[in-house]
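S.K.: Structure file protein.txt, compact mmCIF, C-alpha atoms and all ligand atoms, is pasted below:
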```
# COMPACT_ATOMS: atom_id res chain seq x y z
CA MET A 269 158.82 93.06 82.62
CA LEU A 270 155.69 91.62 84.26
CA LYS A 271 157.30 92.18 87.66
CA ARG A 272 157.79 95.85 86.91
CA LEU A 273 154.24 96.19 85.62
CA ARG A 274 152.66 94.40 88.58
CA PRO A 275 152.51 97.41 90.93
CA LEU A 276 150.97 99.42 88.11
CA ILE A 277 148.34 96.75 87.44
CA TYR A 278 147.55 96.51 91.17
CA SER A 279 147.14 100.26 91.54
CA ALA A 280 144.92 100.43 88.42
CA LEU A 281 142.76 97.60 89.81
CA SER A 282 142.47 99.26 93.23
CA PHE A 283 141.50 102.50 91.53
CA ILE A 284 138.69 100.76 89.63
CA VAL A 285 137.42 99.01 92.79
CA LEU A 286 137.56 102.27 94.78
CA PHE A 287 135.73 104.13 92.01
CA TYR A 288 132.86 101.65 92.01
CA MET A 289 132.67 101.63 95.83
CA PHE A 290 132.55 105.40 95.69
CA ALA A 291 129.86 105.36 93.01
CA PHE A 292 127.85 102.90 95.11
CA PHE A 293 127.76 105.27 98.08
CA LEU A 294 126.97 108.24 95.88
CA SER A 295 123.81 106.96 94.31
CA GLY A 296 120.67 108.88 93.46
CA SER A 297 121.36 110.55 90.16
CA THR A 298 118.45 110.53 87.70
CA GLU A 299 120.37 111.05 84.56
CA ASN A 300 123.99 110.89 83.71
CA ARG A 301 126.47 110.19 80.99
CA PHE A 302 125.35 109.15 77.56
CA ALA A 303 124.85 105.45 77.93
CA THR A 304 125.57 103.30 74.91
CA VAL A 305 124.95 99.82 76.29
CA GLN A 306 121.56 98.33 75.41
CA PHE A 307 119.68 96.06 77.80
CA ASP A 308 116.72 93.84 77.05
CA PHE A 309 114.02 94.81 79.50
CA THR A 310 110.77 92.90 79.63
CA PRO A 311 107.97 94.68 81.49
CA PRO A 312 106.95 92.61 84.54
CA ASP A 313 103.65 90.71 84.19
CA ALA A 314 100.62 91.20 86.46
CA LYS A 315 101.70 88.43 88.83
CA THR A 316 105.19 89.95 89.27
CA ARG A 317 103.68 93.38 89.90
CA THR A 318 101.34 91.96 92.55
CA GLN A 319 104.24 90.12 94.17
CA ALA A 320 106.24 93.36 94.23
CA ILE A 321 103.43 95.05 96.20
CA GLY A 322 103.49 92.14 98.64
CA TYR A 323 100.95 90.64 101.03
CA THR A 324 98.15 93.14 101.64
CA LYS A 325 95.47 91.13 103.47
CA ASN A 326 96.26 92.50 106.92
CA LEU A 327 96.51 96.16 105.89
CA VAL A 328 93.89 98.72 106.90
CA PRO A 329 91.13 98.56 104.23
CA GLU A 330 91.80 102.09 102.96
CA LEU A 331 95.44 101.42 102.19
CA LYS A 332 94.65 97.98 100.80
CA ASN A 333 92.06 99.51 98.43
CA ALA A 334 94.47 102.23 97.33
CA LEU A 335 97.14 99.62 96.51
CA GLU A 336 94.72 97.36 94.68
CA ASN A 337 92.94 100.06 92.66
CA ASP A 338 94.24 98.76 89.37
CA SER A 339 92.54 101.35 87.16
CA ALA A 340 94.57 104.13 88.84
CA PHE A 341 97.94 102.84 87.68
CA GLU A 342 99.51 102.01 84.33
CA PRO A 343 101.91 99.08 84.06
CA ILE A 344 105.28 100.13 82.70
CA ALA A 345 105.61 99.87 78.92
CA MET A 346 108.45 98.48 76.83
CA PRO A 347 111.23 101.13 76.79
CA ARG A 348 112.23 102.76 73.52
CA SER A 349 115.81 102.98 72.36
CA GLY A 350 117.69 105.49 74.54
CA ASP A 351 115.18 105.28 77.42
CA TRP A 352 116.38 104.57 80.95
CA LEU A 353 115.42 100.89 81.04
CA ALA A 354 116.96 100.28 77.60
CA THR A 355 120.30 101.65 78.78
CA HIS A 356 120.46 100.74 82.49
CA LYS A 357 120.20 97.31 84.02
CA GLU A 358 117.53 97.66 86.70
CA THR A 359 116.26 94.66 88.63
CA GLY A 360 113.65 96.60 90.61
CA GLN A 361 113.01 96.71 94.34
CA THR A 362 109.95 94.91 95.69
CA TYR A 363 108.30 96.08 98.89
CA ALA A 364 109.82 93.07 100.70
CA GLN A 365 113.30 94.05 99.48
CA TYR A 366 112.68 97.63 100.57
CA LEU A 367 111.81 96.42 104.09
CA LYS A 368 115.01 94.38 104.23
CA SER A 369 117.10 97.38 103.18
CA ASN A 370 116.24 99.04 106.49
CA SER A 371 116.40 102.51 104.95
CA ASN A 372 116.36 105.86 106.72
CA ARG A 373 113.02 107.03 108.03
CA PRO A 374 112.04 110.30 109.62
CA ASP A 375 111.75 110.09 113.42
CA ARG A 376 110.98 112.45 116.31
CA ARG A 377 114.48 113.86 116.21
CA ARG A 378 115.03 114.19 112.46
CA ASN A 379 111.95 115.08 110.50
CA ILE A 380 112.50 118.31 108.55
CA ILE A 381 113.43 118.51 104.88
CA TYR A 382 115.71 121.48 104.26
CA LEU A 383 116.10 123.09 100.86
CA LEU A 384 119.28 125.07 100.45
CA PRO A 385 119.47 127.44 97.45
CA LEU A 386 122.94 127.81 95.98
CA ASP A 387 121.69 130.51 93.56
CA LYS A 388 118.97 133.17 93.55
CA PHE A 389 115.76 131.50 92.41
CA GLN A 390 112.96 133.14 90.46
CA ASN A 391 111.82 130.31 88.27
CA PRO A 392 111.21 127.69 89.49
CA ALA A 393 109.82 129.48 92.55
CA LEU A 394 111.50 127.89 95.54
CA LYS A 395 108.49 128.55 97.74
CA ASP A 396 106.27 126.52 95.38
CA LEU A 397 108.82 123.69 95.19
CA ALA A 398 108.90 123.61 99.01
CA SER A 399 105.06 123.51 99.18
CA CYS A 400 105.00 120.55 96.78
CA MET A 401 107.64 118.75 98.82
CA GLU A 402 105.88 119.34 102.14
CA SER A 403 102.53 118.28 100.76
CA PHE A 404 103.79 115.22 98.91
CA TYR A 405 105.85 113.71 101.73
CA GLY A 406 103.93 115.14 104.69
CA LEU A 407 107.13 116.50 106.22
CA LYS A 408 107.79 120.11 107.17
CA THR A 409 109.99 121.65 104.49
CA GLU A 410 112.06 124.74 105.21
CA ILE A 411 114.03 126.94 102.85
CA LEU A 412 117.44 127.95 104.20
CA SER A 413 119.16 131.26 103.38
CA LEU A 414 121.02 131.52 100.10
CA MET A 415 124.54 130.07 100.17
CA PRO A 416 126.08 131.25 96.87
CA ILE A 417 127.88 128.48 95.05
CA GLN A 418 130.63 130.92 93.99
CA GLY A 419 131.65 131.36 97.63
CA LEU A 420 132.11 127.64 98.28
CA ALA A 421 135.22 125.52 97.86
CA VAL A 422 133.74 123.79 94.82
CA LYS A 423 135.66 122.94 91.67
CA THR A 424 134.08 124.10 88.40
CA ARG A 425 134.74 123.63 84.68
CA ILE A 426 133.32 124.90 81.37
CA HIS A 427 131.42 122.20 79.48
CA PRO A 428 132.96 121.88 75.99
CA GLN A 429 129.62 121.67 74.12
CA THR A 430 127.21 123.88 76.07
CA GLN A 431 129.92 126.38 77.10
CA GLN A 432 128.11 126.55 80.47
CA ARG A 433 129.91 126.48 83.83
CA GLN A 434 129.50 123.21 85.69
CA ALA A 435 130.15 122.54 89.38
CA LEU A 436 131.56 119.32 90.82
CA THR A 437 128.87 117.51 92.84
CA THR A 438 131.27 115.68 95.15
CA ASP A 439 132.71 118.99 96.37
CA ILE A 440 129.20 120.33 97.01
CA LEU A 441 128.23 117.19 98.95
CA SER A 442 131.35 117.58 101.12
CA VAL A 443 130.23 121.11 102.04
CA LEU A 444 126.64 119.99 102.71
CA LYS A 445 127.74 117.28 105.15
CA THR A 446 129.15 119.98 107.41
CA ARG A 447 125.90 122.02 107.25
CA LEU A 448 123.32 119.35 108.07
CA PRO A 449 120.95 120.78 110.73
CA THR A 450 120.49 118.45 113.73
CA ASN A 451 116.73 118.08 113.15
CA ALA A 452 117.10 117.52 109.39
CA TYR A 453 115.72 114.41 107.78
CA CYS A 454 117.74 115.54 104.79
CA LEU A 455 119.42 118.59 103.34
CA LEU A 456 118.88 119.16 99.62
CA ALA A 457 120.80 121.87 97.82
CA VAL A 458 119.26 123.25 94.63
CA THR A 459 121.10 125.18 91.97
CA MET A 460 120.75 126.72 88.54
CA THR A 461 124.37 125.76 87.82
CA ASP A 462 124.91 122.66 85.69
CA LEU A 463 126.59 119.79 87.54
CA TYR A 464 129.12 117.02 86.87
CA PRO A 465 130.17 114.20 89.19
CA ALA A 466 133.62 113.41 87.73
CA GLU A 467 135.82 114.61 84.85
CA SER A 468 134.79 111.74 82.55
CA TRP A 469 131.08 112.54 82.89
CA ASN A 470 129.07 114.74 80.60
CA PHE A 471 126.71 116.08 83.25
CA VAL A 472 124.43 114.96 86.04
CA PHE A 473 121.06 116.35 87.16
CA GLY A 474 121.79 115.56 90.75
CA GLN A 475 123.63 113.40 93.20
CA ALA A 476 123.01 112.34 96.77
CA SER A 477 124.71 110.62 99.63
CA LEU A 478 121.91 108.64 101.22
CA GLN A 479 123.95 107.69 104.27
CA GLN A 480 124.87 111.30 104.93
CA ARG A 481 121.33 112.49 104.04
CA VAL A 482 122.51 115.24 101.71
CA GLY A 483 121.91 115.83 98.01
CA VAL A 484 122.36 118.44 95.33
CA TYR A 485 120.10 118.95 92.29
CA SER A 486 120.38 121.25 89.32
CA PHE A 487 117.58 122.78 87.28
CA ALA A 488 120.05 124.35 84.82
CA ARG A 489 119.07 122.09 81.92
CA TYR A 490 115.38 122.97 82.28
CA GLN A 491 116.01 126.69 81.77
CA PRO A 492 114.59 128.29 78.63
CA GLY A 493 117.54 128.81 76.35
CA PHE A 494 119.61 125.89 77.62
CA PRO A 495 120.49 123.71 74.59
CA GLY A 496 117.69 121.12 74.24
CA ALA A 497 115.35 122.68 76.84
CA GLY A 498 112.60 123.12 74.23
CA ASP A 499 110.16 125.82 73.12
CA PRO A 500 110.78 129.00 75.21
CA ASP A 501 107.07 130.05 74.99
CA THR A 502 105.92 127.16 77.12
CA ALA A 503 109.19 126.79 78.95
CA LYS A 504 108.21 128.34 82.28
CA ALA A 505 105.44 125.89 83.18
CA ARG A 506 107.43 122.97 81.80
CA MET A 507 110.49 123.97 83.76
CA PHE A 508 108.50 124.10 86.99
CA ARG A 509 106.95 120.69 86.34
CA ARG A 510 110.36 119.13 85.56
CA SER A 511 111.92 120.72 88.63
CA VAL A 512 109.16 119.40 90.92
CA LYS A 513 109.59 115.94 89.41
CA THR A 514 113.34 115.99 89.93
CA LEU A 515 113.05 117.10 93.52
CA LEU A 516 110.28 114.65 94.50
CA HIS A 517 111.96 111.79 92.61
CA GLU A 518 115.29 112.42 94.33
CA THR A 519 113.63 112.67 97.71
CA ALA A 520 112.12 109.20 97.13
CA HIS A 521 115.73 107.97 96.89
CA MET A 522 116.41 109.73 100.21
CA PHE A 523 113.83 107.34 101.73
CA GLY A 524 115.76 104.39 100.27
CA MET A 525 113.38 103.82 97.36
CA GLN A 526 115.16 102.45 94.31
CA HIS A 527 114.06 102.95 90.71
CA CYS A 528 110.66 101.51 89.95
CA ILE A 529 110.33 99.03 87.08
CA TYR A 530 106.73 97.96 87.69
CA TYR A 531 104.43 100.83 86.73
CA ASN A 532 104.59 104.35 85.32
CA CYS A 533 105.68 105.99 88.53
CA LEU A 534 107.49 109.01 89.94
CA VAL A 535 110.35 106.69 90.87
CA ASN A 536 111.02 105.54 87.27
CA GLY A 537 114.53 106.30 86.07
CA SER A 538 114.76 108.85 83.29
CA ASN A 539 117.47 109.13 80.68
CA HIS A 540 116.44 112.25 78.77
CA LEU A 541 114.06 115.20 79.06
CA GLN A 542 111.30 113.68 76.91
CA GLU A 543 111.29 110.66 79.20
CA THR A 544 111.19 112.92 82.28
CA ASP A 545 108.10 114.56 80.78
CA THR A 546 106.24 111.24 80.71
CA VAL A 547 107.05 110.35 84.33
CA PRO A 548 103.94 110.94 86.46
CA LEU A 549 103.88 112.92 89.71
CA HIS A 550 102.46 110.09 91.80
CA PHE A 551 103.62 106.79 93.25
CA CYS A 552 102.60 103.41 91.87
CA PRO A 553 101.24 100.90 94.43
CA VAL A 554 104.68 99.36 95.11
CA CYS A 555 106.25 102.75 95.82
CA LEU A 556 103.15 104.04 97.63
CA ARG A 557 103.51 101.21 100.10
CA LYS A 558 107.18 102.08 100.62
CA ALA A 559 106.25 105.76 101.15
CA PHE A 560 103.61 104.69 103.66
CA ARG A 561 106.25 102.83 105.64
CA ALA A 562 108.51 105.90 105.62
CA ASN A 563 105.68 108.15 106.78
CA PRO A 564 102.43 106.34 107.62
CA GLU A 565 99.86 108.77 106.26
CA LEU A 566 96.77 107.25 104.71
CA PRO A 567 95.69 108.37 101.22
CA SER A 568 92.59 110.06 102.75
CA VAL A 569 95.00 112.46 104.49
CA ARG A 570 97.67 112.67 101.83
CA TYR A 571 95.77 112.80 98.55
CA PRO A 572 93.44 115.81 99.21
CA ARG A 573 96.41 117.78 100.54
CA ILE A 574 98.56 117.02 97.48
CA ALA A 575 95.63 117.79 95.12
CA ALA A 576 95.13 121.21 96.74
CA THR A 577 98.83 122.11 96.58
CA PHE A 578 99.29 120.92 93.00
CA ARG A 579 96.26 122.95 91.93
CA GLU A 580 97.59 126.02 93.72
CA VAL A 581 100.97 125.86 91.95
CA GLY A 582 99.45 125.17 88.51
CA LEU A 583 100.06 121.41 88.25
CA THR A 584 96.45 120.94 87.18
CA ALA A 585 96.61 117.58 85.40
CA GLU A 586 98.57 116.08 88.31
CA ALA A 587 96.08 117.55 90.82
CA GLU A 588 93.27 115.83 88.88
CA TRP A 589 94.85 112.40 89.37
CA PHE A 590 94.72 112.86 93.13
CA GLU A 591 91.22 114.39 93.06
CA GLU A 592 89.98 111.37 91.11
CA ARG A 593 91.42 108.99 93.73
CA VAL A 594 89.74 110.95 96.54
CA LYS A 595 86.39 110.68 94.71
CA THR A 596 86.65 106.96 93.97
CA LYS A 597 88.15 105.71 97.22
ZN ZN D 601 116.58 108.31 90.33
ZN ZN D 602 106.74 102.77 91.58
```
What would the structure in this file look like if it were written as structure tokens?
Ligand SMILES: [Zn+2]
Ligand SMILES: [Zn+2]

M.R.:
Amino acid sequence: MLKRLRPLIYSALSFIVLFYMFAFFLSGSTENRFATVQFDFTPPDAKTRTQAIGYTKNLVPELKNALENDSAFEPIAMPRSGDWLATHKETGQTYAQYLKSNSNRPDRRRNIIYLLPLDKFQNPALKDLASCMESFYGLKTEILSLMPIQGLAVKTRIHPQTQQRQALTTDILSVLKTRLPTNAYCLLAVTMTDLYPAESWNFVFGQASLQQRVGVYSFARYQPGFPGAGDPDTAKARMFRRSVKTLLHETAHMFGMQHCIYYNCLVNGSNHLQETDTVPLHFCPVCLRKAFRANPELPSVRYPRIAATFREVGLTAEAEWFEERVKTK
């Protein structure tokens, strides 16, 4: 009996191993299936946070001051039940660990971020999303011509609860790999269609292949009228803010930055919309240092530019954070 079952057991085991290897290469999703496991997360103390930033003595004074300006950043709080850190085991990524990971960086050959719409966009305005991206990362961001999702070889399904059509992310990523422009740092497809990464999953906001430098992100669940999206009267501004957060957060992953567990930070994981709403639109010192390594722009260059763009697109409170830093530097 055992002999007959052995090939079955082996194939089941290989399937599990392959699935996890696959999931490892396809990282970068902010939110995913409903997690039920609870983890005890203790917010790191001041010493651990300082260690995560790393040795700063030999940095240029401006960057050193920006990293050590403690009043600008809030240490991460204890997660509530259902929050990302209560449901996902995250060990964090210090600056030293980031350096060791030898992640992708823009270079002279590959330095443009491409946004590829898979649907017609009115809200959020793609042009404004691109301005935020360009300003935040200091990399030229171009919008490619519409490539309708319906015309692609992408599997879809109807979600049993929302009754909305969902598209399979892995199929979309396969298409994107063949469309990567030669001078692209990365190619990010954006869609108003809800996404799922595998049959067993409820939904996913986005998924990326960091090695292949492609990703796909959906704003479907931020739309007024989508179940759980919130009050339609204030939905437009909220939808834009959430979409910018998603895009900038996911792009941080494209630079090899893993979820931040040290401060309230753009790179915090987020398990539900209310949590997304509390994520700020700036980097903490640990992630700021990583971003500086990816593109060495000093805050005196970066911050006024981001403040101006955020103000222009109506992200007033977020613009104020950067304006304050420019004043107090
Ligand atoms: Zn993420
Ligand atoms: Zn951070």

S.K.: Residues of chain A within 9 Å of ligand ZN 602 (chain D): nearest atom pair and distance (Å, one decimal) for each, counting only C-alpha atoms and all ligand atoms, sorted by chain and number, as a tab-separated table?

M.R.:
```
residue	atom	partner	partner_atom	distance
A:Met525	CA	D:ZN602	ZN	8.9
A:Gln526	CA	D:ZN602	ZN	8.9
A:His527	CA	D:ZN602	ZN	7.4
A:Cys528	CA	D:ZN602	ZN	4.4
A:Ile529	CA	D:ZN602	ZN	6.9
A:Tyr530	CA	D:ZN602	ZN	6.2
A:Tyr531	CA	D:ZN602	ZN	5.7
A:Asn532	CA	D:ZN602	ZN	6.8
A:Cys533	CA	D:ZN602	ZN	4.6
A:Leu534	CA	D:ZN602	ZN	6.5
A:Val535	CA	D:ZN602	ZN	5.4
A:Asn536	CA	D:ZN602	ZN	6.7
A:His550	CA	D:ZN602	ZN	8.5
A:Phe551	CA	D:ZN602	ZN	5.4
A:Cys552	CA	D:ZN602	ZN	4.2
A:Pro553	CA	D:ZN602	ZN	6.5
A:Val554	CA	D:ZN602	ZN	5.3
A:Cys555	CA	D:ZN602	ZN	4.3
A:Leu556	CA	D:ZN602	ZN	7.1
```

S.K.: Hey, can you spit out that residue selection with C-alpha atoms as a PDB file, in the frame of the given file?

M.R.:
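Contents of result_9.pdb, freshly written:
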```
ATOM      1  CA  MET A 525     113.380 103.820  97.360  1.00  0.00           C
ATOM      2  CA  GLN A 526     115.160 102.450  94.310  1.00  0.00           C
ATOM      3  CA  HIS A 527     114.060 102.950  90.710  1.00  0.00           C
ATOM      4  CA  CYS A 528     110.660 101.510  89.950  1.00  0.00           C
ATOM      5  CA  ILE A 529     110.330  99.030  87.080  1.00  0.00           C
ATOM      6  CA  TYR A 530     106.730  97.960  87.690  1.00  0.00           C
ATOM      7  CA  TYR A 531     104.430 100.830  86.730  1.00  0.00           C
ATOM      8  CA  ASN A 532     104.590 104.350  85.320  1.00  0.00           C
ATOM      9  CA  CYS A 533     105.680 105.990  88.530  1.00  0.00           C
ATOM     10  CA  LEU A 534     107.490 109.010  89.940  1.00  0.00           C
ATOM     11  CA  VAL A 535     110.350 106.690  90.870  1.00  0.00           C
ATOM     12  CA  ASN A 536     111.020 105.540  87.270  1.00  0.00           C
ATOM     13  CA  HIS A 550     102.460 110.090  91.800  1.00  0.00           C
ATOM     14  CA  PHE A 551     103.620 106.790  93.250  1.00  0.00           C
ATOM     15  CA  CYS A 552     102.600 103.410  91.870  1.00  0.00           C
ATOM     16  CA  PRO A 553     101.240 100.900  94.430  1.00  0.00           C
ATOM     17  CA  VAL A 554     104.680  99.360  95.110  1.00  0.00           C
ATOM     18  CA  CYS A 555     106.250 102.750  95.820  1.00  0.00           C
ATOM     19  CA  LEU A 556     103.150 104.040  97.630  1.00  0.00           C
TER      20      LEU A 556
END
```

S.K.: Grab the atom CA of Pro347 of chain A to atom CA of Pro548 of chain A distance for me, in Å with one decimal place.

M.R.: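 Taking atom CA of Pro347 of chain A as the start and atom CA of Pro548 of chain A as the end point, the length is 15.6 Å.
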
S.K.: I'd like the interatomic distance between atom CA of Phe473 of chain A and atom CA of Pro392 of chain A, to a tenth of an Å.

M.R.: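 Rounded to one decimal, the two atoms are 15.2 Å apart.
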
S.K.: So what do you get for atom CA of Gly350 of chain A versus atom CA of Leu541 of chain A, distance-wise?

M.R.: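 Atom CA of Leu541 of chain A lies 11.3 Å from atom CA of Gly350 of chain A.
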
S.K.: Which is closest to Lys423 of chain A among A:Thr409, A:Asn391, A:Asn563, A:Ser442, if we use all atoms listed in the file?

M.R.: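 Smallest separation from Lys423 of chain A among the options: A:Ser442.
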
S.K.: Find, counting only C-alpha atoms and all ligand atoms, the residue in A:Asn451, A:Gln475, A:Ser413, A:Ser339 that gets nearest to ligand ZN 601 (chain D).

M.R.: A:Gln475

S.K.: At a cut-off of 7 Å, using all atoms listed in the file, what residues contact Leu456 of chain A? Leave out same-chain residues fewer than 6 positions from it and give the result as a PyMOL selection string.

M.R.: chain A and resi 382-384+482-484

S.K.: For each of A:His356, A:Arg561, A:Arg489, A:Arg317, take the minimum atom-to-atom distance to Gly537 of chain A, counting only C-alpha atoms, then give the residue where this is smallest.

M.R.: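 Among the listed residues, A:His356 lies closest to Gly537 of chain A.
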
S.K.: Using only C-alpha atoms for the distances, tell me which of A:Ala466, A:Pro449, A:Arg509, A:Thr362 is nearest to Thr584 of chain A.

M.R.: A:Arg509

S.K.: Between A:Met460, A:Leu515, A:Ile321, A:Ala354, which has the minimum distance to Gln390 of chain A (counting only C-alpha atoms)?

M.R.: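 Checking each of A:Met460, A:Leu515, A:Ile321, A:Ala354 against Gln390 of chain A, counting only C-alpha atoms, the winner is A:Met460.
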
S.K.: My list of candidates is A:Lys388, A:Lys315, A:Arg481, A:Arg579. Which is closest to Asn372 of chain A when distances are computed with only C-alpha atoms?

M.R.: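 The answer is A:Arg481, which sits nearest to Asn372 of chain A.
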
S.K.: Where's the centre, and what are the edge lengths in Å to one decimal, of a box along x, y and z enclosing all listed atoms of segment 324-331 of chain A padded 5 Å per side, as JSON?

M.R.:
```
{"center_x": 94.6, "center_y": 96.6, "center_z": 104.3, "size_x": 17.0, "size_y": 21.0, "size_z": 15.3}
```

S.K.: I want to know what sits within 12 Å of Glu586 of chain A, based on all atoms listed in the file, with residues of the same chain fewer than 5 positions away left out; could you give that as a list in words?

M.R.: Cys400, Phe404, Arg509, Val512, Lys513, Leu534, Thr546, Val547, Pro548, Leu549, His550, Phe551, Tyr571, Ile574, Ala575, Ala576, Thr577, Phe578, Arg579, Glu580, Val581, Glu591, Glu592 and Arg593 of chain A

S.K.: Do you know which residues are at most 12 Å from Lys445 of chain A counting only C-alpha atoms, after dropping those on the same chain fewer than 5 positions away, and could you put them as a PyMOL selection string?

M.R.: chain A and resi 438-440+450+452+454-457+476-484

S.K.: Pull C-alpha atoms for segment 386-403 of chain A from the block and write them as a PDB file, in the first residue's frame.

M.R.:
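Saved result, result_27.pdb, follows:
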```pdb
ATOM      1  CA  LEU A 386      -4.289  47.900 -18.993  1.00  0.00           C
ATOM      2  CA  ASP A 387      -7.556  49.899 -18.806  1.00  0.00           C
ATOM      3  CA  LYS A 388      -8.680  53.445 -19.611  1.00  0.00           C
ATOM      4  CA  PHE A 389      -7.892  55.592 -16.582  1.00  0.00           C
ATOM      5  CA  GLN A 390      -9.850  58.626 -15.425  1.00  0.00           C
ATOM      6  CA  ASN A 391      -9.547  58.314 -11.693  1.00  0.00           C
ATOM      7  CA  PRO A 392      -6.885  57.930 -10.480  1.00  0.00           C
ATOM      8  CA  ALA A 393      -5.385  60.199 -13.141  1.00  0.00           C
ATOM      9  CA  LEU A 394      -2.449  58.311 -14.594  1.00  0.00           C
ATOM     10  CA  LYS A 395      -0.595  61.529 -15.355  1.00  0.00           C
ATOM     11  CA  ASP A 396      -0.710  62.511 -11.668  1.00  0.00           C
ATOM     12  CA  LEU A 397       0.399  59.032 -10.564  1.00  0.00           C
ATOM     13  CA  ALA A 398       3.343  59.284 -12.976  1.00  0.00           C
ATOM     14  CA  SER A 399       4.283  62.759 -11.621  1.00  0.00           C
ATOM     15  CA  CYS A 400       4.293  61.396  -8.067  1.00  0.00           C
ATOM     16  CA  MET A 401       6.446  58.454  -9.109  1.00  0.00           C
ATOM     17  CA  GLU A 402       8.955  60.613 -11.003  1.00  0.00           C
ATOM     18  CA  SER A 403       9.203  63.103  -8.180  1.00  0.00           C
TER      19      SER A 403
END
```
